[in-house]
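The file data24.txt comes next; it holds compact mmCIF, C-alpha atoms.
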# COMPACT_ATOMS: atom_id res chain seq x y z
CA MET R 1 1.09 26.12 -6.08
CA THR R 2 3.98 23.92 -7.17
CA ALA R 3 6.89 25.69 -8.92
CA ARG R 4 8.41 24.00 -11.91
CA PRO R 5 11.86 22.50 -11.23
CA MET R 6 14.85 24.44 -12.51
CA PRO R 7 15.51 23.33 -16.11
CA PRO R 8 19.02 22.03 -16.77
CA HIS R 9 21.63 23.95 -18.71
CA GLY R 10 21.22 23.37 -22.42
CA SER R 11 17.42 23.45 -22.34
CA GLU R 12 15.27 26.10 -23.91
CA GLY R 13 13.50 26.65 -20.61
CA ARG R 14 16.76 27.57 -18.90
CA TYR R 15 17.61 29.89 -21.81
CA LYS R 16 14.30 31.75 -21.62
CA GLY R 17 14.04 31.98 -17.84
CA SER R 18 10.80 32.97 -16.14
CA LYS R 19 9.33 35.38 -13.62
CA THR R 20 11.00 33.47 -10.79
CA ARG R 21 14.38 32.61 -12.36
CA PRO R 22 16.73 34.59 -14.61
CA ALA R 23 17.41 33.65 -18.21
CA CYS R 24 20.72 31.97 -18.95
CA LYS R 25 22.70 32.97 -22.07
CA CYS R 26 25.66 30.65 -21.63
CA ASP R 27 27.00 28.76 -24.66
CA THR R 28 25.30 25.54 -23.57
CA CYS R 29 21.89 27.19 -23.28
CA LEU R 30 22.35 29.07 -26.56
CA ARG R 31 23.09 25.77 -28.26
CA GLY R 32 20.03 24.18 -26.64
CA ARG R 33 17.89 27.06 -27.86
CA ARG R 34 19.10 26.60 -31.46
CA HIS R 35 18.43 22.84 -31.29
CA ALA R 36 14.89 23.46 -30.04
CA GLN R 37 14.21 25.88 -32.87
CA THR R 38 15.57 23.35 -35.36
CA ARG R 39 13.31 20.59 -33.98
CA ARG R 40 10.23 22.80 -34.30
CA ALA R 41 11.18 23.74 -37.83
CA LEU R 42 11.56 20.08 -38.81
CA ILE R 43 8.20 19.22 -37.24
CA ARG R 44 6.49 22.01 -39.20
CA LEU R 45 8.32 20.95 -42.37
CA HIS R 46 6.78 17.48 -42.09
CA GLY R 47 3.33 18.88 -41.48
CA GLY R 48 3.37 18.32 -37.73
CA SER R 49 2.98 20.60 -34.76
CA SER R 50 4.99 21.17 -31.59
CA LEU R 51 1.73 21.71 -29.72
CA VAL R 52 -0.63 18.97 -28.47
CA PRO R 53 -4.35 19.82 -28.32
CA ARG R 54 -5.97 19.84 -24.91
CA ASP R 55 -8.64 17.37 -26.04
CA GLN R 56 -5.98 14.70 -26.56
CA LEU R 57 -4.67 15.09 -23.02
CA MET R 58 -7.88 15.47 -21.05
CA PRO R 59 -8.87 11.74 -21.01
CA HIS R 60 -5.54 10.91 -19.38
CA LEU R 61 -5.66 13.86 -16.99
CA THR R 62 -9.20 12.90 -16.01
CA LYS R 63 -8.02 9.37 -15.26
CA LEU R 64 -5.24 10.72 -13.05
CA LEU R 65 -7.62 13.03 -11.18
CA ASP R 66 -10.19 10.25 -10.74
CA SER R 67 -7.51 8.09 -9.12
CA GLY R 68 -7.27 10.67 -6.33
CA MET R 69 -4.21 12.55 -7.53
CA SER R 70 -4.33 16.31 -7.10
CA GLN R 71 -3.16 18.78 -9.72
CA GLN R 72 -0.09 19.51 -7.59
CA THR R 73 0.77 15.81 -7.38
CA ILE R 74 0.38 15.35 -11.13
CA ALA R 75 2.61 18.36 -11.77
CA ARG R 76 5.32 17.05 -9.44
CA GLN R 77 5.25 13.60 -10.99
CA ALA R 78 5.42 15.05 -14.52
CA GLY R 79 8.04 17.68 -13.71
CA VAL R 80 5.91 20.51 -15.07
CA ALA R 81 4.47 23.64 -13.49
CA GLN R 82 1.21 23.24 -11.61
CA THR R 83 -0.25 26.02 -13.75
CA THR R 84 0.32 23.84 -16.82
CA VAL R 85 -2.00 21.21 -15.36
CA SER R 86 -4.46 23.74 -13.99
CA TYR R 87 -4.82 25.63 -17.27
CA LEU R 88 -5.43 22.41 -19.18
CA VAL R 89 -8.01 21.11 -16.70
CA ARG R 90 -9.84 24.44 -16.52
CA GLY R 91 -9.76 24.94 -20.29
CA LYS R 92 -7.80 28.19 -20.11
CA VAL R 93 -5.48 26.93 -22.87
CA SER R 94 -6.31 24.90 -25.95
CA SER R 95 -2.92 23.14 -26.21
CA THR R 96 0.43 22.61 -24.56
CA GLN R 97 4.00 22.00 -25.65
CA LEU R 98 4.81 18.53 -26.93
CA ALA R 99 7.44 18.04 -24.21
CA ASN R 100 4.90 18.84 -21.50
CA ALA R 101 2.35 16.51 -23.08
CA ARG R 102 4.83 13.64 -23.12
CA ARG R 103 5.66 14.17 -19.44
CA LEU R 104 2.00 14.28 -18.48
CA LEU R 105 1.13 11.16 -20.46
CA ALA R 106 3.96 9.28 -18.73
CA VAL R 107 2.39 9.74 -15.29
CA GLU R 108 0.57 6.64 -14.03
CA PRO R 109 -2.63 6.79 -11.95
CA HIS R 110 -2.38 6.27 -8.17
CA THR R 111 1.20 7.60 -8.09
CA PHE R 112 1.68 9.51 -4.84
CA ASP R 113 4.78 10.99 -3.28
CA ASP R 114 5.47 11.89 0.35
CA ALA R 115 4.08 15.40 -0.10
CA ALA R 116 0.74 14.38 -1.60
CA TRP R 117 -2.64 14.21 0.10
CA GLN R 118 -3.87 10.70 -0.60
CA PRO R 119 -7.28 9.07 -1.10
CA ALA R 120 -8.53 7.93 2.29
CA TYR R 121 -9.79 4.48 1.24
CA ARG R 122 -6.42 2.78 1.83
CA THR R 123 -6.15 4.24 5.31
CA VAL R 124 -9.81 3.51 6.07
CA ARG R 125 -9.41 -0.14 5.10
CA ARG R 126 -6.39 -0.55 7.36
CA VAL R 127 -8.17 1.00 10.35
CA ARG R 128 -11.23 -1.17 9.79
CA ALA R 129 -9.12 -4.30 9.42
CA LEU R 130 -7.39 -3.52 12.71
CA TYR R 131 -10.79 -3.09 14.34
CA ALA R 132 -11.71 -6.54 13.02
CA ALA R 133 -8.51 -7.90 14.58
CA GLY R 134 -9.57 -6.51 17.94
CA HIS R 135 -7.48 -3.34 18.13
CA GLY R 136 -9.20 -0.28 19.53
CA PRO R 137 -8.65 3.38 18.63
CA GLU R 138 -6.17 4.00 21.46
CA THR R 139 -3.88 1.17 20.37
CA ILE R 140 -3.97 2.19 16.72
CA ALA R 141 -3.45 5.89 17.44
CA ASP R 142 -0.53 5.19 19.76
CA LEU R 143 1.40 3.32 17.07
CA ALA R 144 0.32 5.62 14.25
CA LYS R 145 1.33 8.74 16.18
CA VAL R 146 -1.97 10.45 15.40
CA ASP R 147 -4.72 11.89 17.56
CA VAL R 148 -6.99 9.15 18.89
CA SER R 149 -10.09 11.11 17.83
CA SER R 150 -9.13 10.66 14.18
CA ILE R 151 -9.37 6.85 14.33
CA PRO R 152 -13.19 6.60 14.66
CA VAL R 153 -13.52 9.26 11.95
CA LEU R 154 -11.38 7.14 9.63
CA ALA R 155 -13.29 3.99 10.52
CA ALA R 156 -16.51 5.77 9.57
CA ALA R 157 -14.94 6.84 6.23
CA ARG R 158 -15.83 10.49 6.79
CA TRP R 159 -12.67 11.78 5.09
CA VAL R 160 -12.12 11.60 1.35
CA ARG R 161 -8.40 12.45 1.56
CA VAL R 162 -5.80 12.17 4.30
CA ARG R 163 -2.50 13.87 4.96
CA PRO R 164 0.67 11.92 4.12
CA ARG R 165 1.61 11.80 7.81
CA VAL R 166 -1.70 10.15 8.72
CA ALA R 167 -1.54 7.66 5.85
CA HIS R 168 2.04 6.72 6.74
CA GLY R 169 1.24 6.41 10.45
CA ILE R 170 -1.76 4.13 9.91
CA ARG R 171 0.27 2.00 7.49
CA THR R 172 2.96 1.62 10.17
CA ALA R 173 0.37 0.67 12.79
CA TYR R 174 -1.20 -1.83 10.39
CA ASP R 175 2.12 -3.48 9.57
CA THR R 176 2.81 -3.83 13.30
CA LEU R 177 -0.61 -5.00 14.49
CA ALA R 178 -2.01 -6.96 11.54
CA GLY R 179 -0.64 -10.27 12.80
CA VAL R 180 -1.45 -9.64 16.47
CA ALA R 181 -4.76 -10.51 18.13
CA GLY R 182 -6.20 -7.44 19.81
CA THR R 183 -8.05 -7.26 23.10
CA SER R 184 -10.86 -4.84 22.25
CA ALA R 185 -14.18 -6.66 22.10
CA LYS R 186 -15.88 -3.37 21.26
CA ALA R 187 -13.72 -2.83 18.16
CA ARG R 188 -14.17 -6.43 17.07
CA TYR R 189 -17.93 -6.21 17.51
CA ARG R 190 -18.09 -2.97 15.51
CA ALA R 191 -16.15 -4.56 12.66
CA ARG R 192 -18.19 -7.74 12.66
CA LYS R 193 -21.48 -5.87 12.72
CA SER R 194 -20.33 -3.68 9.81
CA GLY R 195 -18.86 -6.54 7.77
CA TRP R 196 -15.31 -5.18 7.77
CA PRO R 197 -12.70 -7.77 6.68
CA ASP R 198 -9.75 -8.46 8.93
CA PRO R 199 -6.03 -8.47 7.93
CA THR R 200 -6.11 -12.21 7.24
CA TRP R 201 -8.92 -11.73 4.71
CA TRP R 202 -6.99 -8.97 2.95
CA GLU R 203 -3.86 -11.10 2.93
CA ASP R 204 -5.73 -14.01 1.34
CA MET R 205 -7.79 -11.97 -1.12
CA GLY R 206 -5.31 -9.18 -1.89
CA GLY R 207 -6.31 -5.76 -3.18
CA LEU R 208 -5.91 -3.79 0.04
CA ASP R 209 -4.76 -0.80 -2.03
CA ASP R 210 -6.99 -1.57 -5.02
CA PRO R 211 -9.76 1.05 -5.26
CA ASP R 212 -12.05 -1.48 -6.96
CA ALA R 213 -11.73 -4.13 -4.23
CA PRO R 214 -14.76 -4.63 -1.94
CA ASP R 215 -14.70 -2.81 1.39
CA HIS R 216 -17.12 -5.20 3.07
CA VAL R 217 -17.60 -8.93 3.29
CA ASP R 218 -20.82 -10.85 3.68
CA ALA R 219 -21.12 -11.98 7.25
CA THR R 220 -21.45 -15.77 7.39
CA ASP R 221 -22.36 -15.60 11.08
CA LYS R 222 -24.85 -13.45 12.89
CA PRO R 223 -23.50 -10.48 14.83
CA LEU R 224 -22.56 -11.14 18.44
CA THR R 225 -25.51 -11.28 20.77
CA ALA R 226 -25.49 -9.27 23.99
CA PRO R 227 -24.46 -12.30 26.10
CA GLN R 228 -21.70 -13.17 23.61
CA LEU R 229 -20.41 -9.60 23.66
CA ALA R 230 -20.48 -9.55 27.46
CA ALA R 231 -18.58 -12.85 27.57
CA ALA R 232 -15.94 -11.47 25.21
CA ARG R 233 -15.63 -8.36 27.37
CA ALA R 234 -15.29 -10.49 30.49
CA ALA R 235 -12.49 -12.49 28.88
CA ASP R 236 -10.75 -9.28 27.85
CA ILE R 237 -11.02 -7.89 31.38
CA GLN R 238 -9.59 -11.06 32.88
CA HIS R 239 -6.71 -11.07 30.40
CA LEU R 240 -5.77 -7.43 31.01
CA ALA R 241 -6.11 -7.73 34.79
CA ARG R 242 -3.43 -10.44 34.82
CA PHE R 243 -0.89 -7.81 33.81
CA GLY R 244 -1.78 -5.49 36.68
CA ILE R 245 -3.36 -2.87 34.43
CA PRO R 246 -5.41 -0.30 36.42
CA THR R 247 -9.16 -0.62 36.41
CA HIS R 248 -9.78 2.68 34.65
CA GLU R 249 -7.35 1.74 31.84
CA ILE R 250 -8.98 -1.67 31.39
CA ALA R 251 -12.36 0.07 31.17
CA ALA R 252 -11.06 2.43 28.48
CA ARG R 253 -9.59 -0.42 26.43
CA VAL R 254 -12.61 -2.70 26.65
CA GLY R 255 -15.15 0.09 26.24
CA VAL R 256 -17.05 -0.23 29.52
CA THR R 257 -17.24 1.69 32.79
CA PRO R 258 -14.77 1.17 35.67
CA GLU R 259 -17.69 -0.07 37.81
CA TYR R 260 -18.40 -2.76 35.25
CA VAL R 261 -14.75 -3.87 35.37
CA ARG R 262 -14.70 -4.02 39.17
CA ALA R 263 -17.94 -6.00 39.22
CA GLN R 264 -16.58 -8.48 36.69
CA LEU R 265 -13.36 -8.91 38.65
CA ARG R 266 -15.42 -9.62 41.78
CA GLY R 267 -17.45 -12.15 39.83
CA HIS R 268 -20.67 -10.16 39.91
CA ARG R 269 -22.62 -8.57 37.12
CA VAL R 270 -23.58 -4.91 37.02
CA PRO R 271 -27.35 -4.25 37.26
CA GLY R 272 -28.81 -3.83 33.81
CA GLN R 273 -25.86 -5.59 32.13
CA PRO R 274 -25.93 -9.08 30.56
CA ARG R 275 -25.73 -11.88 33.12
CA THR R 276 -22.12 -12.87 32.36
CA ARG R 277 -19.33 -13.77 34.76
CA LEU R 278 -15.65 -14.41 34.37
CA GLN R 279 -16.16 -17.99 35.29
CA GLU R 280 -18.64 -18.45 32.46
CA ALA R 281 -16.24 -16.88 29.96
CA ALA R 282 -13.30 -19.09 30.95
Turn this file's structure into structure tokens for me.
Amino acid sequence: MTARPMPPHGSEGRYKGSKTRPACKCDTCLRGRRHAQTRRALIRLHGGSSLVPRDQLMPHLTKLLDSGMSQQTIARQAGVAQTTVSYLVRGKVSSTQLANARRLLAVEPHTFDDAAWQPAYRTVRRVRALYAAGHGPETIADLAKVDVSSIPVLAAARWVRVRPRVAHGIRTAYDTLAGVAGTSAKARYRARKSGWPDPTWWEDMGGLDDPDAPDHVDATDKPLTAPQLAAARAADIQHLARFGIPTHEIAARVGVTPEYVRAQLRGHRVPGQPRTRLQEAA
């Protein structure tokens, strides 16, 4: 639960105190208390009210919640106690103070801070775009500083929300890799088969962080056939082998077995695999 920030001297909140902070009776707070009482009296004199009905706030609160913001995030952005938001949402109160209402109404949807769990769609789109660019889970996880097992889960959009650390890490990996051609034929094939747009598409179309933007594109070409996929893998193996990368690491990056890599490097195919050789892929 998020505690309300300490009110400044001269405010009625600082004068009253709470269960977690002592009341302050200094001259500044006494003066603030008198001013608050005067404002309420003037509002009542003109037929108004210092309370705002819950029904007037709920459409805006619903919009904030629908954008993926949690009650804690809304409270932090508004500078009010989390219980203020919770009681309004749950209907435990029928109104709230005018000052609280103004703070809540000033909060914009999709406003997240570094402490907030965030909707996963932004992170999912970045992972999928990196797949489309040919970057596999190991490469993405290494730059994002997250566990490699979380990358396929994100690509499959199994999480509705993600931790700030994960969202920030994937954003960092995306900013680094978006303009670089990857070497994972398996990742590229997965993206193409699923219709996931690559970073260039997002750059041209915009809306990477827009919740209403499409997550898929219509494939203008047919998915890679088995021989085409094998040729792409062979090219990837040849490219990685030039840098002296061990066979088992090449196999992990390309998504095949070490035996398949050795057979390709010898110029032979593995039984049961597509009839593709390095020479044919060159």
Residue neighbourhood range 29-46 of chain R, 10 Å, all atoms listed in the file, exclusion window fewer than 5 positions, as an mmCIF file with C-alpha atoms, in the frame of the given file:
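So out04.cif came out as:
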data_model
loop_
_atom_site.group_PDB
_atom_site.id
_atom_site.type_symbol
_atom_site.label_atom_id
_atom_site.label_comp_id
_atom_site.auth_asym_id
_atom_site.auth_seq_id
_atom_site.Cartn_x
_atom_site.Cartn_y
_atom_site.Cartn_z
ATOM 1 C CA PRO R 8 19.020 22.030 -16.770
ATOM 2 C CA HIS R 9 21.630 23.950 -18.710
ATOM 3 C CA GLY R 10 21.220 23.370 -22.420
ATOM 4 C CA SER R 11 17.420 23.450 -22.340
ATOM 5 C CA GLU R 12 15.270 26.100 -23.910
ATOM 6 C CA GLY R 13 13.500 26.650 -20.610
ATOM 7 C CA ARG R 14 16.760 27.570 -18.900
ATOM 8 C CA TYR R 15 17.610 29.890 -21.810
ATOM 9 C CA LYS R 16 14.300 31.750 -21.620
ATOM 10 C CA ALA R 23 17.410 33.650 -18.210
ATOM 11 C CA CYS R 24 20.720 31.970 -18.950
ATOM 12 C CA LEU R 51 1.730 21.710 -29.720
#
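In this model, the gap between CA of His239 in chain R and CA of Pro152 in chain R comes to 24.5 Å.
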Next on the checklist: Report as JSON, numbers by chain all protein, DNA and RNA residues lying within 12 Å of Ala101 in chain R, evaluated on all atoms listed in the file, omitting residues in the same chain fewer than 3 positions from it.
Outcome noted: {"R": [50, 51, 52, 53, 54, 55, 56, 57, 58, 60, 61, 75, 78, 79, 80, 84, 85, 88, 95, 96, 97, 98, 104, 105, 106, 107]}
Rows by chain and residue number, range 38-73 of chain R within 9 Å of range 115-126 of chain R, shortest pair, all atoms listed in the file, as JSON lines:
{"residue": "R:Ser67", "atom": "CA", "partner": "R:Pro119", "partner_atom": "CA", "distance": 8.1}
{"residue": "R:Gly68", "atom": "CA", "partner": "R:Pro119", "partner_atom": "CA", "distance": 5.5}
{"residue": "R:Met69", "atom": "CA", "partner": "R:Gln118", "partner_atom": "CA", "distance": 7.2}
{"residue": "R:Ser70", "atom": "CA", "partner": "R:Trp117", "partner_atom": "CA", "distance": 7.7}
{"residue": "R:Gln72", "atom": "CA", "partner": "R:Ala116", "partner_atom": "CA", "distance": 7.9}
{"residue": "R:Thr73", "atom": "CA", "partner": "R:Ala116", "partner_atom": "CA", "distance": 6.0}
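As for CA of Lys186 in chain R and CA of Leu229 in chain R, they are spaced 8.1 Å apart.
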Self-check item: Long-range neighbours of His135 in chain R as JSON, numbers by chain, 12 Å cut-off, all atoms listed in the file, 3 positions minimum in chain
Solution: {"R": [126, 127, 128, 129, 130, 131, 132, 138, 139, 140, 141, 142, 143, 151, 152, 173, 174, 176, 177, 178, 179, 180, 181, 182, 183, 184, 185, 186, 187, 188, 189, 190, 191, 198, 199, 236, 253, 254, 255]}
Would you mind putting N, CA and C atoms back on range 171-192 of chain R and writing the result as a compact mmCIF listing (two decimals), keeping the file's coordinate frame?
# COMPACT_ATOMS: atom_id res chain seq x y z
N ARG R 171 -0.40 3.12 8.15
CA ARG R 171 0.27 2.00 7.49
C ARG R 171 1.28 1.34 8.44
N THR R 172 2.01 2.16 9.20
CA THR R 172 2.96 1.62 10.17
C THR R 172 2.24 0.82 11.25
N ALA R 173 1.15 1.37 11.76
CA ALA R 173 0.37 0.67 12.79
C ALA R 173 -0.18 -0.65 12.24
N TYR R 174 -0.65 -0.61 11.00
CA TYR R 174 -1.20 -1.83 10.39
C TYR R 174 -0.12 -2.90 10.24
N ASP R 175 1.05 -2.51 9.75
CA ASP R 175 2.12 -3.48 9.57
C ASP R 175 2.55 -4.10 10.90
N THR R 176 2.41 -3.33 11.98
CA THR R 176 2.81 -3.83 13.30
C THR R 176 1.74 -4.72 13.93
N LEU R 177 0.47 -4.35 13.77
CA LEU R 177 -0.61 -5.00 14.49
C LEU R 177 -1.38 -6.05 13.69
N ALA R 178 -1.18 -6.09 12.38
CA ALA R 178 -2.01 -6.96 11.54
C ALA R 178 -1.94 -8.43 11.97
N GLY R 179 -0.79 -8.87 12.41
CA GLY R 179 -0.64 -10.27 12.80
C GLY R 179 -0.80 -10.53 14.28
N VAL R 180 -1.30 -9.52 15.02
CA VAL R 180 -1.45 -9.64 16.47
C VAL R 180 -2.94 -9.59 16.83
N ALA R 181 -3.37 -10.51 17.69
CA ALA R 181 -4.76 -10.51 18.13
C ALA R 181 -4.97 -9.41 19.15
N GLY R 182 -5.92 -8.53 18.90
CA GLY R 182 -6.20 -7.44 19.81
C GLY R 182 -7.08 -7.87 20.97
N THR R 183 -7.29 -6.95 21.89
CA THR R 183 -8.05 -7.26 23.10
C THR R 183 -9.34 -6.44 23.22
N SER R 184 -9.68 -5.69 22.18
CA SER R 184 -10.86 -4.84 22.25
C SER R 184 -12.07 -5.56 21.67
N ALA R 185 -12.95 -6.01 22.56
CA ALA R 185 -14.18 -6.66 22.10
C ALA R 185 -15.09 -5.65 21.41
N LYS R 186 -15.03 -4.41 21.86
CA LYS R 186 -15.88 -3.37 21.26
C LYS R 186 -15.49 -3.13 19.81
N ALA R 187 -14.18 -3.04 19.53
CA ALA R 187 -13.72 -2.83 18.16
C ALA R 187 -14.07 -4.04 17.29
N ARG R 188 -13.88 -5.22 17.84
CA ARG R 188 -14.17 -6.43 17.07
C ARG R 188 -15.67 -6.55 16.76
N TYR R 189 -16.49 -6.18 17.72
CA TYR R 189 -17.93 -6.21 17.51
C TYR R 189 -18.35 -5.20 16.45
N ARG R 190 -17.77 -4.00 16.51
CA ARG R 190 -18.09 -2.97 15.51
C ARG R 190 -17.75 -3.47 14.11
N ALA R 191 -16.58 -4.09 13.97
CA ALA R 191 -16.15 -4.56 12.66
C ALA R 191 -17.04 -5.70 12.16
N ARG R 192 -17.36 -6.60 13.07
CA ARG R 192 -18.19 -7.74 12.66
C ARG R 192 -19.59 -7.30 12.27
